[in-house]
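Colleague: Structure in structure tokens, see below.
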Amino acid sequence: MTHPAHDYAEQHIDRFLEDLKHLIRIPSISTQPKHAADVRRAAEWIGSEMEKIGFETVELIDMPEGRHPLVFGTWMGAGEDAPTVLIYCHYDVQPAELEDGWDSNPFEPTIRDNILYARGATDSKVNVITQLRAIESVLSTPEKSPVNIKFILEGEEESGSETINAFVAKHRDRLSADVSVVSDGPIITPHQPSMVIGLRGIIGMELHVEGPIQDLHSGHFGGNTHNPVQALTEILAQLHDENGTVTVPGFYDNVIDATPAEREAIAGADPYYEANWKSTSGAPAVWGEAGYTIQERAGIRPTLELNGIWGGYSGPGVKTVLPAKAGAKITCRLVPGQDPARIYEVIKAHVMDLAPETIKVSMEMQDMGAPAIRIPHDSKAVRVANKAYENHWDRESVLEVAGGSIPIASTFATVTDEIVIMGYSHKGGLAHGPNENTHLVMFDKGIGTAIDFLLMYAE
Ligand SMILES: [Zn+2]
């Protein structure tokens with residue numbers, strides 16, 4: 001598609017790359033309080049750039065202490081009859097230290113073989129700059145943008161998204177739009193675009209078991225006092241049967257099964273998934289629910305995962321202790337039909353049923369969680385996005401049902417008519433790990449795609 005916005009992007013691509021490096025050099029690590037000022041500096045820089053490129057309103061929305069600001073800007077110049085596009089990105093990053101195994105300073109962007117290495121290169125500063133500079137390119141043309149634009153960026157996606165969830169719930173009218181574009185997450189490879197049309201939801205909880213009032217001598221009390229570590233593992237061992245099915249009564253109630261078309265999409269999404277499972281997981285053998293492929297087990301089926309377990313002594317040597325307490329962290333990945341709060345309640349009820357009188361059990365919900373979402377693969381937003389990717393990658397997108405969760409996507413699904421997830425990083429980008437990277441061959445293609453989405457959504 002030839003349009004002056006693309007000419008503008010091409011002329012300014014070197015500056016856009018410098019912008020990405022600039023934003024990367026600000027260590028906006030949301031989870032570490034010592035970086036709070038850096039998170040704010042990143043927000044201020046993005047806000048001032050939005051003002052420069054012509055947004056009509058730009059606000060830094062401050063939240064209660066300890067939380068990081070939202071950046072929210074609007075450009076409504078396309079008029080009341082034109083569609084409105086709400087774009088979401090996050091500008092915070094995960095922690096990173098050179099000693100974690102990086103080959104270069106994680107906050108000094110380094111290019112080797114046309115790959116840019118840095119924290120945030122893929123998750124998700126490349127998305128921030130891609131969207132920001134696509135908007136700039138469109139607004140730079142004489143006709144400006146054919147769609148109204150709302151752009152919201154959060155600074156704590158990596159640390160819970162509490163602020164934005166509260167903000168969206170309270171300001172639905174300010175965010176209202178025809179479509180939300182969640183610009184986070186990767187495409188399959190730098191050469192193969194893809195779109196996520198299904199995400200699992202999530203709910204997290206902690207299970208605490210208490211026995212004696214303090215740690216006891218295993219010689220004096222072992223044999224007559226129920227050991228909390230043992231009691232905990234006895235309960236946990238009953239949460240799945242030998243086929244990998246979750247045994248909690250009510251857990252699978254209301255599950256909306258994937259349609260044959262969705263199962264077909266998942267099978268075609270990543271033909272290498274099954275072949276690569278062994279090398280990528282490194283586990284000795286496949287495990288999981290009978291009747292489902294290994295991709296389906298991690299995509300369209302709900303799970304109950306034990307994330308951590310503690311109790312007693314695990315240091316060197318022997319300590320003959322009968323511990324006073326034990327605990328475990330549990331998260332469930334949810335599928336359409338499952339309500340996170342209800343899933344917590346059925347698990348809690350079942351755990352209480354399983355708990356013997358010899359110990360005390362309590363449970364705690366970790367956060368409010370998020371339901372799963374499915375995006376209709378024939379919606380206007382998905383069709384336009386697919387065409388936009390195709391214009392620049394010369395191939396159609398693969399549609400994926402992903403096993404992960406983007407809780408904010410569930411939130412936006414409640415404020416706009418439709419939603420689409422468009423990422424400009426790639427799956428091999430090592431998000432959250434050392435040597436996080438983005439391939440520079442994707443950078444101008446991504447900006448071109450984001451431009452085309454804005455231009456074509458108006459048609
Ligand atoms: Zn992340």
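By convention in this document, the chains of the structure tokens carry letters A, B, ... by their order, each chain's residues are numbered from 1, and ligands are numbered from 1 in the order they are shown.
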Would you kindly return, as a list of chain:residue names, each protein, DNA or RNA residue with an atom no farther than 12 Å from any atom of A:Asp253, considering only C-alpha atoms and excluding same-chain residues fewer than 5 positions away?
Modeller: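 My list of contacting residues is A:Val246, A:Thr247, A:Val248, A:Pro302, A:Leu334, A:Val335, A:Pro336, A:Gly337, A:Gln338, A:Asp339, A:Arg342, A:Ile343, A:Val346.
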Colleague: Against ligand 1, which residues of chain A fall within 8 Å? For each one I want the closest pair of atoms and the distance in Å (one decimal), counting only C-alpha atoms and all ligand atoms, rows by chain and increasing residue number, as a Markdown table.
Modeller:
| residue | atom | partner | partner_atom_place_in_ligand_line | distance |
| --- | --- | --- | --- | --- |
| A:Val93 | CA | ligand 1 | 1 (Zn) | 6.7 |
| A:Gln94 | CA | ligand 1 | 1 (Zn) | 6.5 |
| A:Asp123 | CA | ligand 1 | 1 (Zn) | 5.4 |
| A:Ser124 | CA | ligand 1 | 1 (Zn) | 7.1 |
| A:Glu157 | CA | ligand 1 | 1 (Zn) | 7.1 |
| A:Glu158 | CA | ligand 1 | 1 (Zn) | 5.5 |
| A:Ala431 | CA | ligand 1 | 1 (Zn) | 6.4 |
| A:His432 | CA | ligand 1 | 1 (Zn) | 6.1 |
Colleague: Those selected residues, please, written with all heavy atoms and delivered as an mmCIF file, in the first residue's frame.
Modeller:
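Contents of result.cif, as written:
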data_model
loop_
_atom_site.group_PDB
_atom_site.id
_atom_site.type_symbol
_atom_site.label_atom_id
_atom_site.label_comp_id
_atom_site.auth_asym_id
_atom_site.auth_seq_id
_atom_site.Cartn_x
_atom_site.Cartn_y
_atom_site.Cartn_z
ATOM 1 N N VAL A 93 9.453 -2.824 32.288
ATOM 2 C CA VAL A 93 10.172 -4.059 31.940
ATOM 3 C C VAL A 93 10.448 -4.890 33.191
ATOM 4 O O VAL A 93 10.325 -4.418 34.316
ATOM 5 C CB VAL A 93 11.523 -3.761 31.238
ATOM 6 C CG1 VAL A 93 11.304 -3.114 29.883
ATOM 7 C CG2 VAL A 93 12.445 -2.925 32.118
ATOM 8 N N GLN A 94 10.869 -6.113 32.929
ATOM 9 C CA GLN A 94 11.327 -7.030 33.976
ATOM 10 C C GLN A 94 12.727 -6.610 34.446
ATOM 11 O O GLN A 94 13.454 -5.978 33.695
ATOM 12 C CB GLN A 94 11.423 -8.437 33.399
ATOM 13 C CG GLN A 94 10.108 -9.087 33.106
ATOM 14 C CD GLN A 94 9.584 -9.864 34.282
ATOM 15 O OE1 GLN A 94 10.334 -10.525 34.987
ATOM 16 N NE2 GLN A 94 8.280 -9.797 34.509
ATOM 17 N N ASP A 123 9.891 -7.186 24.861
ATOM 18 C CA ASP A 123 8.775 -7.098 25.836
ATOM 19 C C ASP A 123 8.930 -5.830 26.665
ATOM 20 O O ASP A 123 9.527 -5.874 27.726
ATOM 21 C CB ASP A 123 8.779 -8.346 26.724
ATOM 22 C CG ASP A 123 7.638 -8.357 27.736
ATOM 23 O OD1 ASP A 123 6.691 -7.593 27.566
ATOM 24 O OD2 ASP A 123 7.723 -9.135 28.691
ATOM 25 N N SER A 124 8.423 -4.686 26.243
ATOM 26 C CA SER A 124 7.557 -4.552 25.087
ATOM 27 C C SER A 124 7.824 -3.203 24.455
ATOM 28 O O SER A 124 6.962 -2.628 23.840
ATOM 29 C CB SER A 124 6.102 -4.660 25.582
ATOM 30 O OG SER A 124 5.190 -4.833 24.571
ATOM 31 N N GLU A 157 2.710 -3.483 33.882
ATOM 32 C CA GLU A 157 2.244 -4.758 33.336
ATOM 33 C C GLU A 157 3.042 -5.900 33.943
ATOM 34 O O GLU A 157 2.516 -6.979 34.184
ATOM 35 C CB GLU A 157 2.403 -4.762 31.813
ATOM 36 C CG GLU A 157 1.669 -5.902 31.106
ATOM 37 C CD GLU A 157 2.452 -7.213 31.038
ATOM 38 O OE1 GLU A 157 3.689 -7.190 31.209
ATOM 39 O OE2 GLU A 157 1.837 -8.262 30.837
ATOM 40 N N GLU A 158 4.331 -5.646 34.199
ATOM 41 C CA GLU A 158 5.201 -6.698 34.734
ATOM 42 C C GLU A 158 5.042 -6.846 36.238
ATOM 43 O O GLU A 158 5.728 -7.647 36.865
ATOM 44 C CB GLU A 158 6.673 -6.414 34.384
ATOM 45 C CG GLU A 158 6.947 -6.227 32.894
ATOM 46 C CD GLU A 158 6.786 -7.498 32.068
ATOM 47 O OE1 GLU A 158 6.420 -8.538 32.631
ATOM 48 O OE2 GLU A 158 7.022 -7.431 30.853
ATOM 49 N N ALA A 431 11.936 -12.975 25.965
ATOM 50 C CA ALA A 431 11.301 -12.053 26.908
ATOM 51 C C ALA A 431 11.526 -12.554 28.328
ATOM 52 O O ALA A 431 11.457 -13.765 28.576
ATOM 53 C CB ALA A 431 9.805 -11.966 26.618
ATOM 54 N N HIS A 432 11.821 -11.666 29.236
ATOM 55 C CA HIS A 432 12.049 -11.938 30.664
ATOM 56 C C HIS A 432 13.402 -12.594 30.939
ATOM 57 O O HIS A 432 13.781 -12.725 32.091
ATOM 58 C CB HIS A 432 10.937 -12.802 31.298
ATOM 59 C CG HIS A 432 9.593 -12.141 31.306
ATOM 60 N ND1 HIS A 432 8.578 -12.533 32.146
ATOM 61 C CD2 HIS A 432 9.103 -11.103 30.603
ATOM 62 C CE1 HIS A 432 7.518 -11.772 31.928
ATOM 63 N NE2 HIS A 432 7.807 -10.897 30.988
#
Colleague: Which residues come within 10 Å of stretch 376-388 of chain A, counting only C-alpha atoms, excluding same-chain residues fewer than 4 positions away, as a ChimeraX atom specification?
Modeller: /A:1,178-181,193-198,261-262,265,392-400,417-422,445-446,448-459
Colleague: Take atom CA of A:Ile187 and atom CA of A:Met442 and report the distance between them in Å, one decimal.
Modeller: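 Between these atoms lies a distance of 10.2 Å.
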Colleague: A:Lys144: which residues within 12 Å, counting only C-alpha atoms, same-chain residues fewer than 4 positions away excluded, as a PDB file with all heavy atoms, in the first residue's frame?
Modeller:
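Now in result_11.pdb:
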ATOM      1  N   HIS A   3       1.264   5.049   0.501  1.00  0.00           N
ATOM      2  CA  HIS A   3       0.574   6.124   1.208  1.00  0.00           C
ATOM      3  C   HIS A   3       1.680   7.011   1.767  1.00  0.00           C
ATOM      4  O   HIS A   3       2.741   6.497   2.159  1.00  0.00           O
ATOM      5  CB  HIS A   3      -0.274   5.518   2.336  1.00  0.00           C
ATOM      6  CG  HIS A   3      -1.136   6.527   3.028  1.00  0.00           C
ATOM      7  ND1 HIS A   3      -0.653   7.334   4.024  1.00  0.00           N
ATOM      8  CD2 HIS A   3      -2.445   6.870   2.862  1.00  0.00           C
ATOM      9  CE1 HIS A   3      -1.638   8.124   4.450  1.00  0.00           C
ATOM     10  NE2 HIS A   3      -2.731   7.861   3.755  1.00  0.00           N
ATOM     11  N   PRO A   4       1.459   8.318   1.804  1.00  0.00           N
ATOM     12  CA  PRO A   4       2.530   9.190   2.298  1.00  0.00           C
ATOM     13  C   PRO A   4       3.010   8.852   3.717  1.00  0.00           C
ATOM     14  O   PRO A   4       4.160   9.144   4.059  1.00  0.00           O
ATOM     15  CB  PRO A   4       1.915  10.600   2.235  1.00  0.00           C
ATOM     16  CG  PRO A   4       0.520  10.455   1.742  1.00  0.00           C
ATOM     17  CD  PRO A   4       0.309   9.053   1.269  1.00  0.00           C
ATOM     18  N   ALA A   5       2.160   8.203   4.499  1.00  0.00           N
ATOM     19  CA  ALA A   5       2.590   7.822   5.855  1.00  0.00           C
ATOM     20  C   ALA A   5       3.757   6.832   5.795  1.00  0.00           C
ATOM     21  O   ALA A   5       4.669   6.868   6.625  1.00  0.00           O
ATOM     22  CB  ALA A   5       1.420   7.227   6.642  1.00  0.00           C
ATOM     23  N   ILE A  53       3.966  14.857  18.512  1.00  0.00           N
ATOM     24  CA  ILE A  53       3.489  14.327  17.226  1.00  0.00           C
ATOM     25  C   ILE A  53       2.025  14.665  16.964  1.00  0.00           C
ATOM     26  O   ILE A  53       1.475  14.247  15.949  1.00  0.00           O
ATOM     27  CB  ILE A  53       3.705  12.804  17.108  1.00  0.00           C
ATOM     28  CG1 ILE A  53       2.830  12.033  18.105  1.00  0.00           C
ATOM     29  CG2 ILE A  53       5.180  12.467  17.285  1.00  0.00           C
ATOM     30  CD1 ILE A  53       2.905  10.521  17.929  1.00  0.00           C
ATOM     31  N   GLY A  54       1.403  15.417  17.861  1.00  0.00           N
ATOM     32  CA  GLY A  54       0.087  15.958  17.542  1.00  0.00           C
ATOM     33  C   GLY A  54      -1.103  15.408  18.312  1.00  0.00           C
ATOM     34  O   GLY A  54      -2.245  15.696  17.946  1.00  0.00           O
ATOM     35  N   PHE A  55      -0.869  14.618  19.354  1.00  0.00           N
ATOM     36  CA  PHE A  55      -2.013  14.213  20.175  1.00  0.00           C
ATOM     37  C   PHE A  55      -2.673  15.468  20.754  1.00  0.00           C
ATOM     38  O   PHE A  55      -1.977  16.420  21.139  1.00  0.00           O
ATOM     39  CB  PHE A  55      -1.563  13.288  21.309  1.00  0.00           C
ATOM     40  CG  PHE A  55      -1.553  11.833  20.923  1.00  0.00           C
ATOM     41  CD1 PHE A  55      -0.449  11.271  20.285  1.00  0.00           C
ATOM     42  CD2 PHE A  55      -2.656  11.030  21.169  1.00  0.00           C
ATOM     43  CE1 PHE A  55      -0.446   9.940  19.906  1.00  0.00           C
ATOM     44  CE2 PHE A  55      -2.656   9.694  20.793  1.00  0.00           C
ATOM     45  CZ  PHE A  55      -1.554   9.141  20.155  1.00  0.00           C
ATOM     46  N   TRP A  75      -6.464  11.644  20.103  1.00  0.00           N
ATOM     47  CA  TRP A  75      -6.514  12.460  18.886  1.00  0.00           C
ATOM     48  C   TRP A  75      -7.843  12.120  18.234  1.00  0.00           C
ATOM     49  O   TRP A  75      -8.038  10.994  17.764  1.00  0.00           O
ATOM     50  CB  TRP A  75      -5.348  12.127  17.951  1.00  0.00           C
ATOM     51  CG  TRP A  75      -5.348  13.039  16.748  1.00  0.00           C
ATOM     52  CD1 TRP A  75      -4.776  14.269  16.638  1.00  0.00           C
ATOM     53  CD2 TRP A  75      -5.995  12.784  15.485  1.00  0.00           C
ATOM     54  NE1 TRP A  75      -5.022  14.804  15.398  1.00  0.00           N
ATOM     55  CE2 TRP A  75      -5.767  13.917  14.666  1.00  0.00           C
ATOM     56  CE3 TRP A  75      -6.747  11.739  14.967  1.00  0.00           C
ATOM     57  CZ2 TRP A  75      -6.261  14.021  13.368  1.00  0.00           C
ATOM     58  CZ3 TRP A  75      -7.244  11.829  13.663  1.00  0.00           C
ATOM     59  CH2 TRP A  75      -6.993  12.961  12.884  1.00  0.00           C
ATOM     60  N   MET A  76      -8.789  13.075  18.279  1.00  0.00           N
ATOM     61  CA  MET A  76     -10.148  12.786  17.819  1.00  0.00           C
ATOM     62  C   MET A  76     -10.476  13.563  16.545  1.00  0.00           C
ATOM     63  O   MET A  76     -11.632  13.831  16.228  1.00  0.00           O
ATOM     64  CB  MET A  76     -11.156  13.122  18.943  1.00  0.00           C
ATOM     65  CG  MET A  76     -10.910  12.375  20.250  1.00  0.00           C
ATOM     66  SD  MET A  76     -10.969  10.566  20.090  1.00  0.00           S
ATOM     67  CE  MET A  76     -12.749  10.314  19.991  1.00  0.00           C
ATOM     68  N   GLY A  77      -9.419  13.894  15.801  1.00  0.00           N
ATOM     69  CA  GLY A  77      -9.578  14.761  14.633  1.00  0.00           C
ATOM     70  C   GLY A  77     -10.274  14.120  13.435  1.00  0.00           C
ATOM     71  O   GLY A  77     -10.598  14.814  12.471  1.00  0.00           O
ATOM     72  N   ALA A  78     -10.498  12.813  13.473  1.00  0.00           N
ATOM     73  CA  ALA A  78     -11.168  12.178  12.331  1.00  0.00           C
ATOM     74  C   ALA A  78     -12.667  12.434  12.334  1.00  0.00           C
ATOM     75  O   ALA A  78     -13.348  12.174  11.341  1.00  0.00           O
ATOM     76  CB  ALA A  78     -10.891  10.671  12.340  1.00  0.00           C
ATOM     77  N   GLY A  79     -13.164  12.933  13.455  1.00  0.00           N
ATOM     78  CA  GLY A  79     -14.580  13.293  13.522  1.00  0.00           C
ATOM     79  C   GLY A  79     -15.459  12.196  14.084  1.00  0.00           C
ATOM     80  O   GLY A  79     -15.071  11.032  14.153  1.00  0.00           O
ATOM     81  N   ALA A 134       4.199   4.790  14.261  1.00  0.00           N
ATOM     82  CA  ALA A 134       3.166   4.580  13.235  1.00  0.00           C
ATOM     83  C   ALA A 134       2.141   5.709  13.318  1.00  0.00           C
ATOM     84  O   ALA A 134       1.729   6.277  12.297  1.00  0.00           O
ATOM     85  CB  ALA A 134       2.490   3.224  13.423  1.00  0.00           C
ATOM     86  N   ILE A 135       1.743   6.059  14.537  1.00  0.00           N
ATOM     87  CA  ILE A 135       0.775   7.154  14.712  1.00  0.00           C
ATOM     88  C   ILE A 135       1.397   8.462  14.195  1.00  0.00           C
ATOM     89  O   ILE A 135       0.757   9.226  13.481  1.00  0.00           O
ATOM     90  CB  ILE A 135       0.349   7.282  16.194  1.00  0.00           C
ATOM     91  CG1 ILE A 135      -0.383   6.010  16.649  1.00  0.00           C
ATOM     92  CG2 ILE A 135      -0.522   8.514  16.392  1.00  0.00           C
ATOM     93  CD1 ILE A 135      -0.584   5.907  18.170  1.00  0.00           C
ATOM     94  N   GLU A 136       2.653   8.700  14.558  1.00  0.00           N
ATOM     95  CA  GLU A 136       3.337   9.907  14.078  1.00  0.00           C
ATOM     96  C   GLU A 136       3.312   9.964  12.545  1.00  0.00           C
ATOM     97  O   GLU A 136       3.016  11.005  11.960  1.00  0.00           O
ATOM     98  CB  GLU A 136       4.795   9.934  14.567  1.00  0.00           C
ATOM     99  CG  GLU A 136       5.595  11.081  13.972  1.00  0.00           C
ATOM    100  CD  GLU A 136       7.067  11.081  14.371  1.00  0.00           C
ATOM    101  OE1 GLU A 136       7.422  10.438  15.382  1.00  0.00           O
ATOM    102  OE2 GLU A 136       7.862  11.738  13.675  1.00  0.00           O
ATOM    103  N   SER A 137       3.617   8.831  11.922  1.00  0.00           N
ATOM    104  CA  SER A 137       3.685   8.806  10.456  1.00  0.00           C
ATOM    105  C   SER A 137       2.332   9.141   9.841  1.00  0.00           C
ATOM    106  O   SER A 137       2.248   9.876   8.860  1.00  0.00           O
ATOM    107  CB  SER A 137       4.156   7.431   9.979  1.00  0.00           C
ATOM    108  OG  SER A 137       5.422   7.130  10.544  1.00  0.00           O
ATOM    109  N   VAL A 138       1.266   8.593  10.432  1.00  0.00           N
ATOM    110  CA  VAL A 138      -0.073   8.848   9.889  1.00  0.00           C
ATOM    111  C   VAL A 138      -0.471  10.309  10.135  1.00  0.00           C
ATOM    112  O   VAL A 138      -0.986  10.990   9.231  1.00  0.00           O
ATOM    113  CB  VAL A 138      -1.096   7.864  10.510  1.00  0.00           C
ATOM    114  CG1 VAL A 138      -2.514   8.236  10.117  1.00  0.00           C
ATOM    115  CG2 VAL A 138      -0.784   6.438  10.063  1.00  0.00           C
ATOM    116  N   LEU A 139      -0.193  10.812  11.331  1.00  0.00           N
ATOM    117  CA  LEU A 139      -0.585  12.196  11.645  1.00  0.00           C
ATOM    118  C   LEU A 139       0.261  13.220  10.870  1.00  0.00           C
ATOM    119  O   LEU A 139      -0.108  14.382  10.789  1.00  0.00           O
ATOM    120  CB  LEU A 139      -0.481  12.462  13.155  1.00  0.00           C
ATOM    121  CG  LEU A 139      -1.477  11.733  14.058  1.00  0.00           C
ATOM    122  CD1 LEU A 139      -1.283  12.136  15.518  1.00  0.00           C
ATOM    123  CD2 LEU A 139      -2.923  12.017  13.632  1.00  0.00           C
ATOM    124  N   SER A 140       1.394  12.796  10.323  1.00  0.00           N
ATOM    125  CA  SER A 140       2.261  13.730   9.600  1.00  0.00           C
ATOM    126  C   SER A 140       1.732  14.033   8.198  1.00  0.00           C
ATOM    127  O   SER A 140       2.184  14.970   7.555  1.00  0.00           O
ATOM    128  CB  SER A 140       3.667  13.147   9.467  1.00  0.00           C
ATOM    129  OG  SER A 140       3.670  12.152   8.453  1.00  0.00           O
ATOM    130  N   ASN A 148     -10.074   8.023  14.665  1.00  0.00           N
ATOM    131  CA  ASN A 148      -9.701   8.669  15.923  1.00  0.00           C
ATOM    132  C   ASN A 148      -8.806   7.712  16.698  1.00  0.00           C
ATOM    133  O   ASN A 148      -8.935   6.487  16.575  1.00  0.00           O
ATOM    134  CB  ASN A 148     -10.952   8.990  16.741  1.00  0.00           C
ATOM    135  CG  ASN A 148     -11.863   9.952  16.001  1.00  0.00           C
ATOM    136  OD1 ASN A 148     -11.434  11.022  15.578  1.00  0.00           O
ATOM    137  ND2 ASN A 148     -13.115   9.543  15.825  1.00  0.00           N
ATOM    138  N   ILE A 149      -7.912   8.283  17.487  1.00  0.00           N
ATOM    139  CA  ILE A 149      -6.939   7.426  18.178  1.00  0.00           C
ATOM    140  C   ILE A 149      -6.933   7.725  19.673  1.00  0.00           C
ATOM    141  O   ILE A 149      -6.861   8.889  20.084  1.00  0.00           O
ATOM    142  CB  ILE A 149      -5.516   7.649  17.605  1.00  0.00           C
ATOM    143  CG1 ILE A 149      -5.477   7.316  16.104  1.00  0.00           C
ATOM    144  CG2 ILE A 149      -4.490   6.798  18.365  1.00  0.00           C
ATOM    145  CD1 ILE A 149      -4.218   7.797  15.397  1.00  0.00           C
ATOM    146  N   ILE A 451       0.795   1.193  10.739  1.00  0.00           N
ATOM    147  CA  ILE A 451       0.244   2.290   9.912  1.00  0.00           C
ATOM    148  C   ILE A 451      -0.959   1.772   9.121  1.00  0.00           C
ATOM    149  O   ILE A 451      -2.029   2.376   9.121  1.00  0.00           O
ATOM    150  CB  ILE A 451       1.321   2.825   8.934  1.00  0.00           C
ATOM    151  CG1 ILE A 451       2.398   3.600   9.696  1.00  0.00           C
ATOM    152  CG2 ILE A 451       0.684   3.698   7.854  1.00  0.00           C
ATOM    153  CD1 ILE A 451       3.613   4.000   8.832  1.00  0.00           C
ATOM    154  N   LEU A 454      -4.260   1.358  10.990  1.00  0.00           N
ATOM    155  CA  LEU A 454      -4.988   2.623  11.212  1.00  0.00           C
ATOM    156  C   LEU A 454      -5.670   3.094   9.913  1.00  0.00           C
ATOM    157  O   LEU A 454      -6.817   3.525   9.938  1.00  0.00           O
ATOM    158  CB  LEU A 454      -4.025   3.709  11.718  1.00  0.00           C
ATOM    159  CG  LEU A 454      -3.423   3.468  13.101  1.00  0.00           C
ATOM    160  CD1 LEU A 454      -2.374   4.525  13.408  1.00  0.00           C
ATOM    161  CD2 LEU A 454      -4.514   3.473  14.177  1.00  0.00           C
ATOM    162  N   LEU A 455      -4.958   2.983   8.805  1.00  0.00           N
ATOM    163  CA  LEU A 455      -5.518   3.447   7.546  1.00  0.00           C
ATOM    164  C   LEU A 455      -6.684   2.567   7.094  1.00  0.00           C
ATOM    165  O   LEU A 455      -7.713   3.049   6.643  1.00  0.00           O
ATOM    166  CB  LEU A 455      -4.440   3.453   6.445  1.00  0.00           C
ATOM    167  CG  LEU A 455      -3.236   4.371   6.674  1.00  0.00           C
ATOM    168  CD1 LEU A 455      -2.250   4.228   5.519  1.00  0.00           C
ATOM    169  CD2 LEU A 455      -3.666   5.837   6.827  1.00  0.00           C
TER     170      LEU A 455
END
Colleague: So that I can see what lies close to A:His350, please list as a list in words the residues with an atom at most 12 Å from it, counting only C-alpha atoms and leaving out residues fewer than 5 positions away in the same chain.
Modeller: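 In the requested format, the answer is Leu207, Ile235, Leu236, Gln238, Leu239, Val246, Thr247, Val248, Pro249, Gly250, Phe251, Ile343, Tyr344, Glu345, Ala355, Val361, Ser362 and Met363 of chain A.
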